[in-house]
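Here is the file input-v2.txt (compact mmCIF, C-alpha atoms and all ligand atoms).
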# COMPACT_ATOMS: atom_id res chain seq x y z
CA MET P 1 -5.28 1.22 33.29
CA THR P 2 -5.22 4.86 34.33
CA ARG P 3 -4.55 7.34 31.60
CA VAL P 4 -3.27 10.73 32.59
CA THR P 5 -2.52 13.79 30.55
CA PRO P 6 -0.43 16.18 32.57
CA PRO P 7 -1.60 19.82 32.70
CA ARG P 8 1.49 21.11 30.92
CA ARG P 9 0.17 19.64 27.68
CA SER P 10 -3.12 21.50 27.64
CA ASN P 11 -1.79 24.30 25.41
CA GLU P 12 0.82 22.36 23.62
CA GLN P 13 0.79 21.79 19.92
CA VAL P 14 3.07 19.27 18.34
CA THR P 15 3.82 19.07 14.68
CA SER P 16 6.13 17.04 12.57
CA GLY P 17 8.62 18.71 10.29
CA ASN P 18 7.60 22.28 11.13
CA VAL P 19 8.09 24.62 14.02
CA THR P 20 4.93 25.12 16.02
CA ILE P 21 4.70 27.97 18.46
CA ASP P 22 2.13 28.08 21.19
CA GLU P 23 1.03 31.68 20.79
CA ALA P 24 -0.59 32.08 24.21
CA ALA P 25 2.38 30.76 26.12
CA ASP P 26 4.83 32.66 23.96
CA SER P 27 3.17 36.06 24.43
CA THR P 28 3.29 35.54 28.21
CA ALA P 29 6.93 34.56 27.95
CA ARG P 30 7.82 37.69 26.01
CA ARG P 31 6.07 40.15 28.27
CA PRO P 32 8.86 41.28 30.62
CA ALA P 33 11.62 41.98 28.08
CA ASP P 34 13.42 40.14 25.38
CA ALA P 35 16.78 40.95 26.87
CA PRO P 36 19.21 38.04 26.98
CA PHE P 37 19.40 36.34 30.35
CA ALA P 38 22.65 35.01 31.75
CA TRP P 39 22.05 32.42 34.47
CA PRO P 40 23.53 33.78 37.71
CA SER P 41 25.81 31.79 39.94
CA LEU P 42 23.57 30.68 42.82
CA SER P 43 24.31 29.88 46.45
CA GLN P 44 23.11 26.63 47.97
CA GLY P 45 20.27 28.46 49.74
CA GLN P 46 19.20 30.20 46.53
CA ARG P 47 19.17 26.86 44.71
CA ALA P 48 17.07 25.25 47.44
CA VAL P 49 14.45 28.03 47.33
CA LEU P 50 14.36 28.17 43.55
CA LEU P 51 14.01 24.40 43.21
CA ASP P 52 11.20 24.33 45.76
CA LEU P 53 9.30 27.04 43.85
CA ILE P 54 9.91 25.28 40.50
CA LEU P 55 8.55 21.97 41.78
CA HIS P 56 5.80 23.09 44.12
CA GLY P 57 4.61 26.48 42.87
CA PRO P 58 4.09 29.63 45.00
CA ARG P 59 4.91 29.33 48.69
CA SER P 60 4.55 31.48 51.76
CA ARG P 61 7.77 32.63 53.40
CA ALA P 62 6.83 30.61 56.46
CA GLU P 63 6.51 27.41 54.39
CA LEU P 64 9.80 28.11 52.60
CA THR P 65 11.61 28.64 55.91
CA ARG P 66 10.25 25.33 57.15
CA ARG P 67 11.02 23.38 54.00
CA THR P 68 14.52 24.73 53.32
CA GLU P 69 15.53 24.90 57.01
CA LEU P 70 17.04 28.35 56.37
CA SER P 71 16.74 30.98 59.10
CA ARG P 72 14.19 33.74 58.48
CA ALA P 73 16.99 36.27 58.03
CA THR P 74 18.80 34.04 55.50
CA LEU P 75 15.58 33.33 53.62
CA SER P 76 14.92 37.07 53.38
CA ARG P 77 18.35 37.63 51.90
CA VAL P 78 17.99 34.68 49.52
CA THR P 79 14.58 35.74 48.20
CA ARG P 80 15.73 39.38 47.85
CA ASP P 81 18.66 38.22 45.69
CA LEU P 82 16.47 35.90 43.59
CA VAL P 83 14.02 38.78 43.01
CA LYS P 84 16.97 40.96 41.97
CA HIS P 85 18.02 38.28 39.47
CA GLY P 86 14.46 38.32 38.11
CA LEU P 87 13.92 34.62 38.83
CA ILE P 88 11.17 34.99 41.43
CA GLU P 89 8.60 37.61 42.41
CA GLU P 90 6.96 38.72 45.61
CA ARG P 91 3.21 38.37 45.49
CA GLY P 92 2.55 40.09 48.84
CA LEU P 93 0.02 38.92 51.39
CA GLN P 94 -2.29 36.21 50.10
CA ASN P 95 -5.03 34.31 51.77
CA SER P 96 -4.24 30.62 51.98
CA GLY P 97 -7.63 29.78 53.49
CA ARG P 98 -5.96 28.64 56.68
CA GLY P 99 -5.94 31.48 59.20
CA ARG P 100 -3.96 34.67 58.59
CA PRO P 101 -2.90 35.75 55.09
CA SER P 102 0.73 34.93 54.39
CA ASP P 103 3.51 36.61 52.46
CA VAL P 104 3.87 34.65 49.21
CA VAL P 105 6.76 34.34 46.73
CA ALA P 106 6.60 32.63 43.34
CA LEU P 107 8.81 31.57 40.46
CA ARG P 108 8.82 33.69 37.30
CA PRO P 109 8.81 30.72 34.87
CA GLU P 110 9.34 32.99 31.87
CA ALA P 111 12.49 34.57 33.36
CA ALA P 112 14.67 32.10 31.48
CA LEU P 113 13.98 29.51 28.78
CA VAL P 114 15.67 26.21 28.06
CA MET P 115 15.95 24.17 24.90
CA GLY P 116 15.92 20.38 24.67
CA ILE P 117 17.34 18.38 21.78
CA GLU P 118 16.89 14.68 21.10
CA LEU P 119 19.34 13.03 18.70
CA THR P 120 18.49 9.60 17.31
CA GLY P 121 20.86 9.23 14.36
CA GLU P 122 17.86 9.58 12.01
CA THR P 123 16.05 12.62 13.38
CA VAL P 124 16.56 15.60 15.61
CA ALA P 125 13.68 16.86 17.77
CA LEU P 126 13.64 20.20 19.59
CA ALA P 127 11.54 21.62 22.42
CA VAL P 128 11.71 25.05 24.06
CA CYS P 129 10.38 25.21 27.63
CA ASP P 130 10.03 27.70 30.44
CA LEU P 131 11.39 27.05 33.92
CA GLN P 132 8.31 25.04 34.85
CA GLY P 133 8.80 22.61 31.99
CA ARG P 134 5.90 24.05 29.97
CA VAL P 135 6.49 23.47 26.29
CA LEU P 136 6.40 26.68 24.23
CA GLU P 137 7.59 25.32 20.92
CA THR P 138 8.46 21.97 19.35
CA SER P 139 9.83 20.77 16.04
CA ASP P 140 11.40 17.70 14.53
CA ARG P 141 13.20 16.98 11.30
CA PRO P 142 15.16 14.21 9.62
CA PHE P 143 18.86 14.39 10.39
CA THR P 144 21.13 11.58 9.32
CA SER P 145 24.69 12.80 9.81
CA HIS P 146 26.67 10.86 12.41
CA ASP P 147 29.89 12.82 12.00
CA VAL P 148 30.60 14.55 15.33
CA ASP P 149 31.82 17.83 13.80
CA THR P 150 28.85 18.03 11.41
CA VAL P 151 26.37 17.28 14.19
CA LEU P 152 28.00 19.92 16.42
CA HIS P 153 27.91 22.48 13.64
CA GLU P 154 24.23 21.78 12.90
CA LEU P 155 23.23 21.80 16.57
CA THR P 156 25.04 25.09 17.10
CA GLY P 157 23.05 26.56 14.21
CA MET P 158 19.77 25.27 15.69
CA VAL P 159 20.59 26.78 19.09
CA GLU P 160 21.52 30.13 17.52
CA GLU P 161 18.34 30.13 15.45
CA THR P 162 16.25 29.38 18.54
CA ARG P 163 18.07 32.06 20.51
CA GLY P 164 17.16 34.52 17.76
CA ARG P 165 13.47 33.87 18.51
CA HIS P 166 13.94 33.47 22.27
CA PRO P 167 16.71 35.78 23.53
CA ARG P 168 16.21 34.49 27.07
CA LEU P 169 17.37 31.02 26.08
CA THR P 170 19.66 30.15 28.99
CA ALA P 171 20.64 26.50 28.77
CA VAL P 172 20.50 23.52 26.42
CA GLY P 173 19.79 19.87 27.19
CA VAL P 174 20.68 17.06 24.78
CA CYS P 175 19.51 13.46 25.14
CA LEU P 176 20.26 10.37 23.11
CA GLY P 177 20.14 6.59 23.34
CA ALA P 178 23.55 6.14 24.93
CA ASP P 179 25.42 5.66 28.15
CA VAL P 180 26.64 8.95 29.55
CA ARG P 181 29.56 8.95 31.95
CA MET P 182 30.80 11.95 33.87
CA ASP P 183 34.37 13.09 33.39
CA ARG P 184 35.47 15.93 35.69
CA GLY P 185 31.89 17.18 35.99
CA SER P 186 31.18 17.03 32.25
CA ALA P 187 29.10 14.38 30.45
CA VAL P 188 30.82 12.13 27.91
CA VAL P 189 28.73 10.04 25.49
CA VAL P 190 29.68 6.38 25.54
CA ASP P 191 28.32 3.77 23.20
CA ALA P 192 25.60 5.71 21.35
CA ASP P 193 23.78 3.05 19.33
CA GLY P 194 22.11 5.11 16.63
CA LEU P 195 25.11 7.37 16.05
CA GLY P 196 28.01 4.96 16.39
CA TRP P 197 29.66 7.37 18.88
CA ASP P 198 31.95 6.30 21.67
CA GLU P 199 33.76 8.58 24.13
CA VAL P 200 32.45 11.87 22.67
CA PRO P 201 32.71 14.75 25.20
CA LEU P 202 29.50 16.26 23.81
CA GLU P 203 28.66 18.41 26.84
CA ARG P 204 31.99 20.24 26.74
CA LEU P 205 32.07 20.56 22.93
CA LEU P 206 28.53 21.90 22.55
CA SER P 207 28.76 24.18 25.58
CA ARG P 208 31.90 25.75 24.13
CA ALA P 209 30.24 26.17 20.72
CA VAL P 210 26.98 27.76 21.93
CA ARG P 211 28.43 29.57 24.98
CA LEU P 212 25.62 28.31 27.22
CA PRO P 213 25.38 25.66 29.95
CA VAL P 214 24.68 22.27 28.34
CA ALA P 215 23.42 19.04 29.97
CA VAL P 216 23.81 15.72 28.12
CA THR P 217 21.72 12.77 29.31
CA ASN P 218 20.56 9.31 28.26
CA ASN P 219 17.14 9.69 26.59
CA VAL P 220 15.10 7.52 28.99
CA GLN P 221 16.81 9.18 31.95
CA ALA P 222 15.85 12.60 30.57
CA LEU P 223 12.24 11.52 30.11
CA THR P 224 12.20 10.13 33.64
CA ILE P 225 13.42 13.44 35.09
CA ALA P 226 10.70 15.27 33.17
CA HIS P 227 7.93 12.92 34.31
CA HIS P 228 9.17 13.04 37.86
CA TRP P 229 9.28 16.83 37.98
CA PHE P 230 6.37 17.90 35.80
CA GLY P 231 4.67 14.95 34.11
CA VAL P 232 2.64 11.89 34.95
CA GLY P 233 4.82 10.92 37.92
CA GLU P 234 4.94 14.45 39.26
CA GLN P 235 6.77 14.51 42.57
CA THR P 236 6.21 10.85 43.30
CA PRO P 237 9.00 9.68 45.64
CA SER P 238 9.41 6.33 43.87
CA LEU P 239 8.75 5.86 40.21
CA ALA P 240 9.85 3.90 37.15
CA VAL P 241 9.37 5.23 33.63
CA ILE P 242 9.39 2.44 31.07
CA ALA P 243 9.76 3.61 27.49
CA VAL P 244 9.10 1.20 24.64
CA GLY P 245 9.81 2.00 21.01
CA LEU P 246 12.92 1.10 19.04
CA GLY P 247 14.22 -0.34 22.33
CA ILE P 248 13.04 -0.77 25.91
CA GLY P 249 14.49 1.34 28.69
CA ALA P 250 13.66 2.08 32.31
CA GLY P 251 14.38 5.22 34.30
CA ILE P 252 14.14 4.89 38.06
CA VAL P 253 13.48 7.44 40.80
CA LEU P 254 13.92 6.28 44.39
CA ASP P 255 13.35 8.45 47.46
CA GLY P 256 12.90 11.43 45.16
CA GLU P 257 16.27 10.99 43.44
CA LEU P 258 16.95 9.77 39.91
CA LEU P 259 19.24 6.73 39.86
CA HIS P 260 22.26 7.65 37.72
CA GLY P 261 24.28 4.47 37.75
CA SER P 262 27.99 4.58 37.00
CA ARG P 263 27.54 5.36 33.29
CA GLY P 264 24.36 7.44 33.33
CA HIS P 265 22.15 4.65 32.08
CA PRO P 266 20.69 2.32 34.67
CA GLY P 267 17.50 0.36 33.97
CA LYS P 268 18.83 -1.65 31.04
CA VAL P 269 15.95 -4.08 30.79
CA SER P 270 16.19 -4.92 27.08
CA HIS P 271 17.71 -8.35 27.63
CA VAL P 272 15.71 -9.63 30.56
CA ARG P 273 14.83 -13.29 29.98
CA VAL P 274 11.05 -13.38 29.89
CA PHE P 275 10.29 -16.88 28.60
CA GLY P 276 11.97 -20.23 29.31
CA ASP P 277 12.41 -20.82 25.59
CA GLY P 278 11.12 -19.12 22.46
CA ARG P 279 12.57 -16.44 20.22
CA THR P 280 16.19 -15.38 20.27
CA CYS P 281 17.34 -11.75 20.23
CA ASP P 282 20.16 -10.31 18.09
CA HIS P 283 22.60 -11.17 20.87
CA GLY P 284 21.58 -14.82 20.95
CA HIS P 285 19.60 -14.72 24.22
CA VAL P 286 16.75 -17.23 24.23
CA GLY P 287 13.32 -15.94 25.36
CA CYS P 288 14.74 -12.39 25.57
CA ALA P 289 12.47 -9.34 26.11
CA SER P 290 13.94 -7.53 23.11
CA ALA P 291 12.93 -10.44 20.85
CA TYR P 292 9.27 -9.57 21.60
CA VAL P 293 8.72 -6.06 22.94
CA THR P 294 10.41 -3.59 20.57
CA MET P 295 8.67 -2.23 17.49
CA ARG P 296 11.16 -4.01 15.25
CA ALA P 297 10.68 -7.31 17.09
CA MET P 298 6.89 -7.19 16.77
CA GLN P 299 7.15 -6.28 13.10
CA ARG P 300 9.71 -9.02 12.42
CA ASN P 301 7.79 -11.66 14.36
CA THR P 302 4.75 -11.16 12.16
CA GLY P 303 6.62 -10.57 8.88
CA HIS P 304 5.15 -7.08 8.38
CA ALA P 305 6.96 -4.62 6.10
CA SER P 306 6.67 -1.83 8.67
CA PHE P 307 5.47 -1.26 12.24
CA ASP P 308 2.68 0.97 10.93
CA ASP P 309 1.44 -1.94 8.79
CA LEU P 310 1.38 -4.13 11.87
CA VAL P 311 -0.66 -1.52 13.79
CA LEU P 312 -3.12 -1.33 10.89
CA ASP P 313 -3.56 -5.12 10.97
CA VAL P 314 -4.07 -5.01 14.74
CA ALA P 315 -6.83 -2.46 14.19
CA ALA P 316 -8.36 -4.84 11.62
CA HIS P 317 -8.28 -7.68 14.23
CA ASP P 318 -5.75 -9.74 12.29
CA ALA P 319 -5.09 -12.82 14.46
CA ALA P 320 -1.31 -13.06 13.88
CA ALA P 321 -0.77 -9.33 14.51
CA LEU P 322 -2.86 -9.47 17.71
CA ALA P 323 -0.96 -12.53 18.91
CA ALA P 324 2.39 -10.74 18.45
CA VAL P 325 1.15 -7.72 20.38
CA ARG P 326 -0.21 -9.94 23.20
CA GLN P 327 3.13 -11.73 23.38
CA ALA P 328 4.87 -8.34 23.58
CA ALA P 329 2.47 -7.32 26.37
CA THR P 330 3.22 -10.51 28.31
CA ALA P 331 6.96 -9.95 27.93
CA LEU P 332 6.60 -6.30 28.98
CA GLY P 333 4.58 -7.36 32.05
CA VAL P 334 7.47 -9.63 33.07
CA VAL P 335 9.97 -6.79 32.59
CA ILE P 336 7.87 -4.45 34.74
CA ALA P 337 7.59 -7.13 37.44
CA GLN P 338 11.38 -7.51 37.48
CA VAL P 339 11.86 -3.76 37.88
CA VAL P 340 9.30 -3.58 40.70
CA ASN P 341 10.75 -6.66 42.43
CA LEU P 342 14.22 -5.15 42.27
CA VAL P 343 13.68 -1.51 43.28
CA ASP P 344 10.21 -1.52 44.89
CA VAL P 345 8.67 1.45 43.07
CA ASN P 346 4.96 1.97 43.60
CA ARG P 347 4.25 3.78 40.35
CA VAL P 348 5.17 2.83 36.79
CA VAL P 349 4.72 5.13 33.80
CA LEU P 350 4.45 3.46 30.40
CA THR P 351 5.28 5.55 27.40
CA GLY P 352 6.77 5.35 23.91
CA GLN P 353 5.86 4.73 20.29
CA ALA P 354 4.89 1.09 20.92
CA ARG P 355 1.70 2.13 22.69
CA VAL P 356 -0.28 -0.46 20.73
CA ILE P 357 0.94 -2.93 23.39
CA TRP P 358 -0.97 -1.41 26.29
CA ASP P 359 -3.75 -0.02 24.13
CA VAL P 360 -4.66 -3.48 22.84
CA ALA P 361 -3.26 -6.01 25.31
CA ASP P 362 -3.57 -4.33 28.69
CA GLU P 363 -4.97 -7.52 30.25
CA ALA P 364 -2.10 -9.74 29.07
CA LEU P 365 0.41 -7.18 30.37
CA ARG P 366 -1.26 -6.95 33.75
CA ALA P 367 -1.64 -10.74 34.10
CA ALA P 368 2.07 -11.32 33.41
CA LEU P 369 3.02 -8.52 35.80
CA LEU P 370 0.96 -10.01 38.63
CA GLU P 371 2.16 -13.52 37.91
CA ARG P 372 5.85 -12.59 38.06
CA LEU P 373 5.64 -10.09 40.89
CA ASP P 374 7.19 -11.29 44.13
CA PRO P 375 4.33 -12.68 46.26
CA ALA P 376 5.14 -10.15 48.97
CA ALA P 377 5.31 -7.18 46.58
CA GLU P 378 2.56 -4.61 46.18
CA PRO P 379 1.31 -4.27 42.56
CA PRO P 380 2.41 -0.86 41.23
CA GLU P 381 0.05 1.79 39.95
CA LEU P 382 0.34 1.71 36.15
CA LEU P 383 0.02 5.03 34.35
CA VAL P 384 0.05 5.52 30.61
CA HIS P 385 1.43 8.65 29.04
CA PRO P 386 0.42 9.36 25.42
CA PHE P 387 3.69 9.75 23.59
CA ALA P 388 4.61 12.59 21.22
CA THR P 389 7.70 12.47 19.01
CA THR P 390 9.14 15.49 20.82
CA ASP P 391 8.71 14.04 24.35
CA TYR P 392 12.38 13.12 24.66
CA ALA P 393 13.30 16.67 23.64
CA TRP P 394 10.98 17.89 26.43
CA GLY P 395 12.89 15.56 28.76
CA ALA P 396 16.19 17.02 27.57
CA ALA P 397 14.88 20.54 28.25
CA VAL P 398 13.88 19.57 31.79
CA SER P 399 17.36 18.06 32.26
CA ALA P 400 18.74 21.48 31.34
CA ILE P 401 16.60 23.11 34.08
CA ARG P 402 17.88 20.50 36.52
CA HIS P 403 21.44 21.29 35.44
CA LEU P 404 20.87 24.99 36.20
CA VAL P 405 19.44 24.56 39.68
ZN ZN L 1 18.74 -10.32 24.42
For this file, write the structure as structure tokens.
Ligand SMILES: [Zn+2]
Amino acid sequence: MTRVTPPRRSNEQVTSGNVTIDEAADSTARRPADAPFAWPSLSQGQRAVLLDLILHGPRSRAELTRRTELSRATLSRVTRDLVKHGLIEERGLQNSGRGRPSDVVALRPEAALVMGIELTGETVALAVCDLQGRVLETSDRPFTSHDVDTVLHELTGMVEETRGRHPRLTAVGVCLGADVRMDRGSAVVVDADGLGWDEVPLERLLSRAVRLPVAVTNNVQALTIAHHWFGVGEQTPSLAVIAVGLGIGAGIVLDGELLHGSRGHPGKVSHVRVFGDGRTCDHGHVGCASAYVTMRAMQRNTGHASFDDLVLDVAAHDAAALAAVRQAATALGVVIAQVVNLVDVNRVVLTGQARVIWDVADEALRAALLERLDPAAEPPELLVHPFATTDYAWGAAVSAIRHLV
């Protein structure tokens, strides 16, 4: 199985319980000025150019004209305005190695920063990123309140505190394990498992409290956006991100676009029937994926006191622990096959805290995937992304960038 570490992580440091600042990245980010930055209202043409530079890096004017289908005169006006806003810079004539030097423009990733927040009901994780999704700072801490007003108050404090360190903080993304439906252009949290929330207009409430644009997303969806834009699945037209930890979720990108579904949470694969008989999940489904694949299921199936204990026994080659992990891998292979059969993605990213599954039982996973794949389907490329506890917060931050452009 291919293992890929995306370049954005090369400078990143992740800690638990403390704030870690990447000094090198932060000094670059501070160079221009620490003046607050208010995100300007952008025209469609400005958005198109900015998005292209965010996703693809520096471009010549000729390439930008071709890709955005703007006239040369319009492109000139658009780039002049984006330079004026401080979002891009002109690099002058540069040699591309293909004929004449061309006039190049580039994003200024440090022009504005975004903050991502992941809420689980037990912890809150934060990540601060630049406009290219590079992580400048991460932290996580226990946080057990489920009361909406208390959570809002605490989050507002965290945003203000972060803005104190990073005056150019421009937008906030929040992700959580929930459905997220849109109501008049604003995200409403529906059915948040870990928090017991239903119908909470979090986007509107938090945006009002912090006076910044806020984007609220399902956690796996947020991670999928981040991997599609800047991570393992960078700019792949069709992609599924399958995250396995406390639950199993799939985010799907088709033809370059994230599938939203009607309630902001497609890819619900937890209750796929993977075996004809066997264990029953909490909802009474026989042979259900969630009775095998989640961390809690593996732990329960072997009678371990904690998931960490199970992982230790796997490392010690304990037969029962290994069997449970192999069974989880087989079930996960079936789930992946179902996703590929249904939406025909050619790349699948596996990530999440339950990495022991693909670390130990890669062969079982792959065998089940091939066995249950439609005979006419092409096996997908499987990529593994090493998971950090603040990855969902990174995803939320990238969702905030997406919200801005
Ligand atoms: Zn089930």
For ligand ZN 1 (chain L), collect every residue having any atom at a distance of at most 8 Å from a ligand atom (counting all atoms listed in the file); output as a ChimeraX atom specification. /P:270-273,280-291
Please compute the CA of Val274 (chain P)-CA of Ala331 (chain P) distance, one decimal, in Å.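 About the pair CA of Val274 (chain P) and CA of Ala331 (chain P): they are 5.7 Å apart.
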As a list in words, please: the residues near Trp229 (chain P) (cut-off 9 Å, only C-alpha atoms, same-chain neighbours under 4 positions excluded). Ile54, Leu55, Gln132, Gly133, Thr224, Ile225, Gly233, Glu234, Gln235, Thr236 and Val398 of chain P
Emit the selected residues as a PDB file, in the frame of the given file, including C-alpha atoms.
ATOM      1  CA  ILE P  54       9.910  25.280  40.500  1.00  0.00           C
ATOM      2  CA  LEU P  55       8.550  21.970  41.780  1.00  0.00           C
ATOM      3  CA  GLN P 132       8.310  25.040  34.850  1.00  0.00           C
ATOM      4  CA  GLY P 133       8.800  22.610  31.990  1.00  0.00           C
ATOM      5  CA  THR P 224      12.200  10.130  33.640  1.00  0.00           C
ATOM      6  CA  ILE P 225      13.420  13.440  35.090  1.00  0.00           C
ATOM      7  CA  GLY P 233       4.820  10.920  37.920  1.00  0.00           C
ATOM      8  CA  GLU P 234       4.940  14.450  39.260  1.00  0.00           C
ATOM      9  CA  GLN P 235       6.770  14.510  42.570  1.00  0.00           C
ATOM     10  CA  THR P 236       6.210  10.850  43.300  1.00  0.00           C
ATOM     11  CA  VAL P 398      13.880  19.570  31.790  1.00  0.00           C
TER      12      VAL P 398
END
So that I can check the surroundings of Ile336 (chain P), please list as a VMD selection string every protein, DNA and RNA residue that reaches within 12 Å of it, counting all atoms listed in the file and ignoring chain neighbours fewer than 6 positions away. chain P and resid 239 to 244 248 to 252 267 to 270 272 274 289 293 329 to 330 342 to 350 365 to 374 379 to 382
Between CA of Val148 (chain P) and CA of Leu404 (chain P), measure the distance and give it in Å to one decimal. 25.3 Å
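We find CA of Val334 (chain P) and CA of Gln221 (chain P) to be spaced 21.0 Å apart.
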Show me the residues close to (22.8, 33.8, 30.4) - anything with an atom within 7 Å, counting all atoms listed in the file - and format the list as a list in words.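 So the residues meeting the distance criterion are Pro36, Phe37, Ala38, Trp39, Thr170 and Leu212 of chain P.
Minimum atom-to-atom distances from P:Leu50, P:Val159, P:Val172, P:Val124 to Thr389 (chain P) were compared using only C-alpha atoms, and the lowest value belongs to P:Val124.
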Find the residue from P:Asp140, P:Asp359, P:Asp179, P:Glu89 that sits nearest to Thr123 (chain P); use all atoms listed in the file when measuring.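 Comparing P:Asp140, P:Asp359, P:Asp179, P:Glu89 against Thr123 (chain P), the winner is P:Asp140.
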Ranking P:Arg402, P:Arg355, P:Arg263, P:Arg100 by minimum distance to Phe230 (chain P) and counting all atoms listed in the file, which one comes first?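 Closest residue, counting all atoms listed in the file: P:Arg402.
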